[in-house]
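Here the structure is laid out as structure tokens; the discussion comes afterwards.
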Amino acid sequence: MDKVSIERCENYEYGNVYNCVEKLIGNLGGWKAFIKPGDRVAVKPNLLRYKKPEEAATTHPAVVKAIISQIQKAGGNVIIAESPGGPYSRSMLRYVYRATGIEKVADETGAILNYDLRVTKINNPESKYVKSFEILKPLADADVIVNIPKLKTHAMMVYTGAVKNMFGAIAGTAKADLHLRMPDYNDFADSLIDIYLGTKPAINVMDAIEGMEGYGPSAGTPKHIGLLLASASGFALDVAAARIIRLSPDNVPVLRNAKKRCLVDDNNIHIIGENIECVICNDFYIPALYGAKRQNILKRGLLNLLKKQSRPKPVISAEKCVRCGNCVKICPASAFVFEDRNIPSIDYDKCIGCFCCHELCDYKAVDIRRGFISRLMTDRRFSGFR
């Protein structure tokens, strides 16, 4: 039976966070259950973009610092490793580390910040689709990976947590390549599962003190939840987190597919610490499952004629767009055209509905618009446990 530890933590005051993390991991046997003295430990937070901690798009530095300090106390040697959205370069890493507060964490703890741009190919025999892939070298070299996700909504995948966070083990534009290969959201969900299984985090510790609701993972709104969660199973942790925000695991492609692959049983998870029924967040706003193409019901016959009407689309806001051209660079399908200093235009025949443009726009200038058929099928808020 998978175990998930849940503890209340109402704010990011460091002493409070440290004590909560200590209790959280203590519920699972303490750090000694996961780390041996001398282990090389790679800490993998969510550092999606160069966002300030208060924007709730990235793992808060107080949580990262508390975890690193306790790992070091247990004898681990820590390196912080992440591949943010966009190009994987030393300048981008430096910018992201500084903006998110992680550079200061490294200064205060003595942990190493990764600037090694090399990748290592690993084999993945447990996979369904991704039989081998390249990950950041410090993650491949580590004895132990500690995954530190942030609880957020996700425009394409509904929810992002422990399993999705390990997508950041893949460097830079290689992530876009996977989007291009797997435009169907169910196939992409299986690919995320494959990557999680290949990277094998020893423990997952989720920052859910301030989560993100609405149009995450970067353009949503901070939402106070007041919790930290931990588990050796990222799947079980994500099931518990989904329950807390009243989201059925069956409405999350990653969790639905994980259940089909017998990687988690949502009726066989042992909660330690807080009673999960006492920490439910009843008003957490989760937009309808955008899921790109609804290909599971629009595959054959005349229904193909409805496909264009069923697909949600990215739309550029002329008021917010600063014409930086970043969406053109990061689109895996090369669906954007940027000419004569006008706002970018989108070739929807090329668009695969991955919403990388929405996720990585620093100005929140990419909205998501659904067609008439799509609104009929999905015009609901997932605010109930359905």
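Letters A, B, ... go to the chains of the structure tokens in the order shown; residues in each chain start at 1; ligands are counted from 1 in the same order.
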Legend entry - Selection near A:Lys51, 9 Å with only C-alpha atoms, sequence-local residues under 4 positions removed, as a PyMOL selection string: chain A and resi 47+55-58+96+99-100+218+362
Could you take the residues named above and write them with N, CA and C atoms, as a PDB file, in the first residue's frame?
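Here's the written file part.pdb:
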ATOM      1  N   LEU A  47      10.919  24.787 -11.449  1.00  0.00           N
ATOM      2  CA  LEU A  47      11.392  26.133 -11.785  1.00  0.00           C
ATOM      3  C   LEU A  47      11.001  26.419 -13.229  1.00  0.00           C
ATOM      4  N   GLU A  55       4.388  34.463  -6.990  1.00  0.00           N
ATOM      5  CA  GLU A  55       3.498  34.187  -8.117  1.00  0.00           C
ATOM      6  C   GLU A  55       2.987  32.750  -8.110  1.00  0.00           C
ATOM      7  N   ALA A  56       3.560  31.896  -7.270  1.00  0.00           N
ATOM      8  CA  ALA A  56       3.105  30.505  -7.076  1.00  0.00           C
ATOM      9  C   ALA A  56       3.226  29.646  -8.325  1.00  0.00           C
ATOM     10  N   ALA A  57       4.117  30.020  -9.233  1.00  0.00           N
ATOM     11  CA  ALA A  57       4.362  29.201 -10.425  1.00  0.00           C
ATOM     12  C   ALA A  57       5.518  28.240 -10.227  1.00  0.00           C
ATOM     13  N   THR A  58       6.319  28.461  -9.184  1.00  0.00           N
ATOM     14  CA  THR A  58       7.516  27.658  -8.931  1.00  0.00           C
ATOM     15  C   THR A  58       7.538  27.196  -7.477  1.00  0.00           C
ATOM     16  N   VAL A  96      16.868  32.122 -14.072  1.00  0.00           N
ATOM     17  CA  VAL A  96      15.792  31.431 -13.365  1.00  0.00           C
ATOM     18  C   VAL A  96      16.153  31.204 -11.901  1.00  0.00           C
ATOM     19  N   ALA A  99      15.788  34.631 -10.099  1.00  0.00           N
ATOM     20  CA  ALA A  99      14.424  35.144  -9.999  1.00  0.00           C
ATOM     21  C   ALA A  99      13.571  34.343  -9.029  1.00  0.00           C
ATOM     22  N   THR A 100      13.774  33.036  -8.983  1.00  0.00           N
ATOM     23  CA  THR A 100      12.937  32.161  -8.152  1.00  0.00           C
ATOM     24  C   THR A 100      13.405  32.055  -6.707  1.00  0.00           C
ATOM     25  N   SER A 218       1.428  28.603 -15.447  1.00  0.00           N
ATOM     26  CA  SER A 218       2.165  29.844 -15.202  1.00  0.00           C
ATOM     27  C   SER A 218       1.280  31.075 -15.190  1.00  0.00           C
ATOM     28  N   ASP A 362       5.654  35.150 -20.950  1.00  0.00           N
ATOM     29  CA  ASP A 362       5.950  35.914 -19.738  1.00  0.00           C
ATOM     30  C   ASP A 362       4.961  37.051 -19.501  1.00  0.00           C
TER      31      ASP A 362
END
Legend entry - Residues near A:Lys3, cut-off 8 Å, only C-alpha atoms, skip fewer than 3 positions along chain, as an MDAnalysis selection string: chainID A and resid 28 231:233 236 269:272
Legend entry - Residue contacts of A:Arg98 (12 Å, only C-alpha atoms) excluding same-chain residues fewer than 3 positions away, as a count of residues only: 20
Inset, instruction - as a PyMOL selection string, list the residues of stretch 76-296 of chain A assigned to alpha helix (DSSP H) by DSSP on the backbone atoms of this structure. - result: chain A and resi 90-99+102-109+137-141+162-165+174-181+185-199+234-244+253-260
I need the chosen residues saved as a short mmCIF file (atom, residue, chain, number, x, y, z; two decimals), in the first residue's frame, with C-alpha atoms.
data_model
loop_
_atom_site.label_atom_id
_atom_site.label_comp_id
_atom_site.auth_asym_id
_atom_site.auth_seq_id
_atom_site.Cartn_x
_atom_site.Cartn_y
_atom_site.Cartn_z
CA ARG A 90 23.79 28.78 -18.58
CA SER A 91 22.35 32.27 -18.92
CA MET A 92 18.77 30.97 -18.70
CA LEU A 93 19.60 28.84 -15.66
CA ARG A 94 21.29 31.77 -13.92
CA TYR A 95 18.30 34.02 -14.62
CA VAL A 96 15.79 31.43 -13.36
CA TYR A 97 17.79 30.51 -10.24
CA ARG A 98 18.05 34.18 -9.30
CA ALA A 99 14.42 35.14 -10.00
CA ILE A 102 16.95 29.36 -5.54
CA GLU A 103 20.32 31.07 -6.03
CA LYS A 104 19.98 32.48 -2.51
CA VAL A 105 19.07 29.02 -1.18
CA ALA A 106 22.29 27.63 -2.66
CA ASP A 107 24.31 30.47 -1.13
CA GLU A 108 22.78 29.85 2.30
CA THR A 109 23.04 26.04 2.30
CA LYS A 137 23.54 14.69 -16.34
CA PRO A 138 23.35 15.52 -12.61
CA LEU A 139 20.05 13.65 -12.38
CA ALA A 140 21.54 10.63 -14.14
CA ASP A 141 24.63 10.74 -11.90
CA ALA A 162 4.85 15.07 -8.86
CA VAL A 163 4.69 13.00 -12.05
CA LYS A 164 4.53 15.95 -14.45
CA ASN A 165 7.38 17.74 -12.64
CA ALA A 174 13.84 18.23 -26.32
CA LYS A 175 10.64 18.72 -24.32
CA ALA A 176 9.08 20.45 -27.32
CA ASP A 177 10.09 17.52 -29.51
CA LEU A 178 8.13 15.16 -27.28
CA HIS A 179 5.08 17.42 -27.49
CA LEU A 180 5.34 17.24 -31.26
CA ARG A 181 5.62 13.45 -31.26
CA TYR A 185 -3.12 14.20 -24.61
CA ASN A 186 -3.57 10.54 -23.63
CA ASP A 187 -0.36 9.56 -25.42
CA PHE A 188 1.43 12.54 -23.90
CA ALA A 189 0.20 11.50 -20.45
CA ASP A 190 1.70 8.04 -20.97
CA SER A 191 4.97 9.68 -22.02
CA LEU A 192 5.03 11.69 -18.78
CA ILE A 193 4.46 8.47 -16.86
CA ASP A 194 7.32 6.83 -18.78
CA ILE A 195 9.69 9.69 -17.91
CA TYR A 196 8.75 9.54 -14.23
CA LEU A 197 9.38 5.78 -14.17
CA GLY A 198 12.71 6.25 -15.94
CA THR A 199 14.00 8.94 -13.58
CA GLY A 234 4.51 10.30 -7.17
CA PHE A 235 1.31 8.69 -8.43
CA ALA A 236 -0.13 8.24 -4.94
CA LEU A 237 0.90 11.77 -3.98
CA ASP A 238 -0.85 13.19 -7.04
CA VAL A 239 -4.00 11.20 -6.31
CA ALA A 240 -4.06 12.62 -2.78
CA ALA A 241 -3.41 16.16 -4.02
CA ALA A 242 -6.17 15.84 -6.61
CA ARG A 243 -8.60 14.73 -3.93
CA ILE A 244 -7.67 17.74 -1.80
CA PRO A 253 -4.98 12.05 -17.95
CA VAL A 254 -1.75 11.12 -16.15
CA LEU A 255 -3.58 9.57 -13.20
CA ARG A 256 -6.24 7.88 -15.31
CA ASN A 257 -3.56 6.24 -17.43
CA ALA A 258 -1.46 5.36 -14.38
CA LYS A 259 -4.45 3.50 -12.96
CA LYS A 260 -4.87 1.60 -16.24
#
Legend entry - Shortest interatomic distance to A:Cys361 - which of A:Ser127, A:Gly85, A:Ile145, A:Asn282, counting only C-alpha atoms: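 Closest to A:Cys361, using only C-alpha atoms: A:Gly85.
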Test item: residues at most 9 Å from A:Glu82, only C-alpha atoms, excluding those fewer than 2 positions along its chain, as a tab-separated table (two decimals) with C-alpha atoms, in the first residue's frame:
chain	number	residue	atom	x	y	z
A	43	VAL	CA	17.02	18.03	-5.76
A	44	LYS	CA	14.52	18.72	-8.57
A	45	PRO	CA	12.15	21.64	-7.83
A	46	ASN	CA	9.64	23.11	-10.25
A	47	LEU	CA	11.39	26.13	-11.78
A	48	LEU	CA	9.17	26.55	-14.82
A	80	ILE	CA	19.94	21.47	-7.48
A	84	PRO	CA	13.14	25.41	-17.17
A	93	LEU	CA	19.60	28.84	-15.66
A	114	ASN	CA	23.78	22.87	-11.71
A	136	LEU	CA	20.15	16.16	-17.25
A	139	LEU	CA	20.05	13.65	-12.38
A	168	GLY	CA	11.82	18.92	-16.37
A	169	ALA	CA	14.48	16.20	-16.30
A	170	ILE	CA	14.58	16.58	-20.09
A	171	ALA	CA	16.71	19.43	-21.38
Inset, instruction - To one decimal in Å, tell me the separation between atom CA of A:Asn251 and atom CA of A:Pro183. - result: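 Separating atom CA of A:Asn251 from atom CA of A:Pro183 is a distance of 18.1 Å.
For the pair atom CA of A:Gly38 and atom CA of A:Ser83, the separation is 25.1 Å.
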Please build the interface table for stretch 47-155 of chain A against stretch 308-331 of chain A with a cut-off of 12 Å, listing for each qualifying residue the nearest atom pair and the distance in Å to one decimal; count only C-alpha atoms, order rows by chain and increasing number, and write it as a tab-separated table.
residue	atom	partner	partner_atom	distance
A:Gly85	CA	A:Ile330	CA	8.6
A:Gly86	CA	A:Ile330	CA	6.3
A:Pro87	CA	A:Ile330	CA	8.4
A:Tyr88	CA	A:Ile330	CA	11.8
A:Ala155	CA	A:Pro312	CA	10.2
Inset, instruction - Considering only C-alpha atoms, return as a PyMOL selection string whatever protein or nucleic-acid residues lie within 6 Å of stretch 63-79 of chain A, sequence-local ones (same chain, fewer than 6 positions apart) excluded. - result: chain A and resi 18+37-42+105+111-113
Could the residues in this selection be saved with N, CA and C atoms as a CSV table (one decimal), in the first residue's frame?
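The result, written out as out_26.csv:
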chain,number,residue,atom,x,y,z
A,18,TYR,N,10.5,24.4,8.0
A,18,TYR,CA,11.5,23.4,8.4
A,18,TYR,C,10.8,22.4,9.3
A,37,PRO,N,24.4,8.4,4.3
A,37,PRO,CA,25.5,9.4,4.4
A,37,PRO,C,26.4,9.2,3.1
A,38,GLY,N,26.8,10.3,2.5
A,38,GLY,CA,27.6,10.3,1.4
A,38,GLY,C,26.9,10.2,0.0
A,39,ASP,N,25.6,10.0,0.0
A,39,ASP,CA,24.8,9.9,-1.2
A,39,ASP,C,24.9,11.2,-2.0
A,40,ARG,N,25.0,11.1,-3.3
A,40,ARG,CA,24.8,12.3,-4.2
A,40,ARG,C,23.3,12.5,-4.4
A,41,VAL,N,22.8,13.6,-3.9
A,41,VAL,CA,21.4,13.8,-4.0
A,41,VAL,C,21.0,15.0,-4.9
A,42,ALA,N,20.3,14.7,-5.9
A,42,ALA,CA,19.8,15.7,-6.9
A,42,ALA,C,18.4,16.2,-6.4
A,105,VAL,N,19.1,30.3,-1.9
A,105,VAL,CA,19.1,29.0,-1.2
A,105,VAL,C,20.4,28.3,-1.3
A,111,ALA,N,24.6,24.2,-1.1
A,111,ALA,CA,24.2,23.2,-2.2
A,111,ALA,C,24.7,23.8,-3.5
A,112,ILE,N,25.0,22.8,-4.4
A,112,ILE,CA,25.6,23.2,-5.8
A,112,ILE,C,24.4,23.5,-6.7
A,113,LEU,N,24.5,24.6,-7.4
A,113,LEU,CA,23.6,24.9,-8.5
A,113,LEU,C,24.1,24.3,-9.8
Inset, instruction - Assign secondary structure with DSSP using the backbone only, and return the residues of stretch 7-182 of chain A in strand (DSSP E) as JSON, numbers by chain. - result: {"A": [7, 8, 40, 41, 42, 43, 44, 45, 77, 78, 79, 80, 112, 113, 119, 120, 121, 122, 123, 132, 133, 134, 135, 136, 144, 145, 146, 147, 148, 150, 151, 152, 153, 154, 158, 159, 160]}
Could the residues in this selection be saved with N, CA and C atoms as an mmCIF file, in the first residue's frame?
data_model
loop_
_atom_site.group_PDB
_atom_site.id
_atom_site.type_symbol
_atom_site.label_atom_id
_atom_site.label_comp_id
_atom_site.auth_asym_id
_atom_site.auth_seq_id
_atom_site.Cartn_x
_atom_site.Cartn_y
_atom_site.Cartn_z
ATOM 1 N N GLU A 7 0.776 17.236 5.964
ATOM 2 C CA GLU A 7 0.882 18.088 7.149
ATOM 3 C C GLU A 7 0.463 19.512 6.804
ATOM 4 N N ARG A 8 -0.187 20.155 7.767
ATOM 5 C CA ARG A 8 -0.545 21.558 7.588
ATOM 6 C C ARG A 8 0.704 22.433 7.685
ATOM 7 N N ARG A 40 24.981 11.130 -3.285
ATOM 8 C CA ARG A 40 24.828 12.296 -4.161
ATOM 9 C C ARG A 40 23.325 12.477 -4.387
ATOM 10 N N VAL A 41 22.800 13.585 -3.914
ATOM 11 C CA VAL A 41 21.357 13.808 -3.955
ATOM 12 C C VAL A 41 21.043 14.965 -4.903
ATOM 13 N N ALA A 42 20.276 14.683 -5.931
ATOM 14 C CA ALA A 42 19.816 15.724 -6.857
ATOM 15 C C ALA A 42 18.422 16.168 -6.439
ATOM 16 N N VAL A 43 18.302 17.439 -6.121
ATOM 17 C CA VAL A 43 17.016 18.031 -5.760
ATOM 18 C C VAL A 43 16.411 18.656 -7.013
ATOM 19 N N LYS A 44 15.174 18.283 -7.329
ATOM 20 C CA LYS A 44 14.518 18.722 -8.568
ATOM 21 C C LYS A 44 13.239 19.504 -8.242
ATOM 22 N N PRO A 45 13.352 20.833 -8.049
ATOM 23 C CA PRO A 45 12.151 21.642 -7.834
ATOM 24 C C PRO A 45 11.445 21.945 -9.151
ATOM 25 N N ASN A 77 24.932 14.869 -0.121
ATOM 26 C CA ASN A 77 25.592 15.964 -0.836
ATOM 27 C C ASN A 77 24.661 16.429 -1.951
ATOM 28 N N VAL A 78 24.231 17.692 -1.888
ATOM 29 C CA VAL A 78 23.098 18.144 -2.694
ATOM 30 C C VAL A 78 23.522 18.968 -3.900
ATOM 31 N N ILE A 79 22.908 18.659 -5.041
ATOM 32 C CA ILE A 79 22.964 19.509 -6.225
ATOM 33 C C ILE A 79 21.532 19.813 -6.646
ATOM 34 N N ILE A 80 21.268 21.052 -7.025
ATOM 35 C CA ILE A 80 19.943 21.474 -7.476
ATOM 36 C C ILE A 80 19.941 21.454 -8.998
ATOM 37 N N ILE A 112 25.025 22.831 -4.433
ATOM 38 C CA ILE A 112 25.552 23.192 -5.753
ATOM 39 C C ILE A 112 24.394 23.500 -6.696
ATOM 40 N N LEU A 113 24.520 24.602 -7.441
ATOM 41 C CA LEU A 113 23.581 24.888 -8.518
ATOM 42 C C LEU A 113 24.116 24.280 -9.807
ATOM 43 N N VAL A 119 23.824 16.052 -21.140
ATOM 44 C CA VAL A 119 22.732 15.120 -20.879
ATOM 45 C C VAL A 119 23.261 13.694 -20.975
ATOM 46 N N THR A 120 22.533 12.768 -20.374
ATOM 47 C CA THR A 120 22.901 11.353 -20.380
ATOM 48 C C THR A 120 21.712 10.529 -20.854
ATOM 49 N N LYS A 121 21.957 9.630 -21.778
ATOM 50 C CA LYS A 121 20.886 8.772 -22.279
ATOM 51 C C LYS A 121 20.656 7.618 -21.316
ATOM 52 N N ILE A 122 19.390 7.388 -20.971
ATOM 53 C CA ILE A 122 19.057 6.264 -20.098
ATOM 54 C C ILE A 122 18.046 5.366 -20.802
ATOM 55 N N ASN A 123 18.110 4.080 -20.501
ATOM 56 C CA ASN A 123 17.136 3.123 -21.011
ATOM 57 C C ASN A 123 15.958 3.049 -20.056
ATOM 58 N N SER A 132 13.789 5.019 -24.406
ATOM 59 C CA SER A 132 15.048 5.602 -23.942
ATOM 60 C C SER A 132 14.944 7.107 -24.138
ATOM 61 N N PHE A 133 15.644 7.858 -23.304
ATOM 62 C CA PHE A 133 15.614 9.310 -23.435
ATOM 63 C C PHE A 133 16.808 9.901 -22.701
ATOM 64 N N GLU A 134 17.095 11.155 -23.010
ATOM 65 C CA GLU A 134 18.225 11.849 -22.404
ATOM 66 C C GLU A 134 17.736 12.750 -21.277
ATOM 67 N N ILE A 135 18.417 12.670 -20.126
ATOM 68 C CA ILE A 135 18.071 13.522 -18.995
ATOM 69 C C ILE A 135 19.291 14.329 -18.569
ATOM 70 N N LEU A 136 19.063 15.334 -17.747
ATOM 71 C CA LEU A 136 20.152 16.164 -17.248
ATOM 72 C C LEU A 136 21.196 15.288 -16.570
ATOM 73 N N VAL A 144 20.363 9.534 -5.510
ATOM 74 C CA VAL A 144 18.982 9.754 -5.076
ATOM 75 C C VAL A 144 18.456 11.025 -5.748
ATOM 76 N N ILE A 145 17.232 10.959 -6.241
ATOM 77 C CA ILE A 145 16.547 12.156 -6.737
ATOM 78 C C ILE A 145 15.405 12.491 -5.785
ATOM 79 N N VAL A 146 15.371 13.740 -5.335
ATOM 80 C CA VAL A 146 14.275 14.242 -4.504
ATOM 81 C C VAL A 146 13.467 15.214 -5.364
ATOM 82 N N ASN A 147 12.250 14.844 -5.650
ATOM 83 C CA ASN A 147 11.360 15.599 -6.531
ATOM 84 C C ASN A 147 10.518 16.553 -5.685
ATOM 85 N N ILE A 148 10.561 17.869 -5.999
ATOM 86 C CA ILE A 148 9.843 18.857 -5.181
ATOM 87 C C ILE A 148 8.880 19.647 -6.072
ATOM 88 N N LYS A 150 5.221 21.551 -7.376
ATOM 89 C CA LYS A 150 4.257 22.557 -6.927
ATOM 90 C C LYS A 150 2.872 22.120 -7.381
ATOM 91 N N LEU A 151 1.867 22.269 -6.530
ATOM 92 C CA LEU A 151 0.504 21.906 -6.910
ATOM 93 C C LEU A 151 -0.082 23.027 -7.768
ATOM 94 N N LYS A 152 -0.406 22.687 -9.036
ATOM 95 C CA LYS A 152 -0.932 23.692 -9.959
ATOM 96 C C LYS A 152 -1.909 23.051 -10.945
ATOM 97 N N THR A 153 -2.745 23.876 -11.517
ATOM 98 C CA THR A 153 -3.531 23.446 -12.668
ATOM 99 C C THR A 153 -2.652 23.489 -13.912
ATOM 100 N N HIS A 154 -3.133 22.838 -14.979
ATOM 101 C CA HIS A 154 -2.362 22.803 -16.221
ATOM 102 C C HIS A 154 -3.324 22.850 -17.403
ATOM 103 N N VAL A 158 -4.684 19.334 -17.236
ATOM 104 C CA VAL A 158 -5.624 19.597 -16.147
ATOM 105 C C VAL A 158 -4.914 19.937 -14.843
ATOM 106 N N TYR A 159 -3.941 19.111 -14.464
ATOM 107 C CA TYR A 159 -3.263 19.231 -13.168
ATOM 108 C C TYR A 159 -1.798 18.877 -13.359
ATOM 109 N N THR A 160 -0.917 19.560 -12.628
ATOM 110 C CA THR A 160 0.499 19.190 -12.635
ATOM 111 C C THR A 160 0.998 19.062 -11.205
#
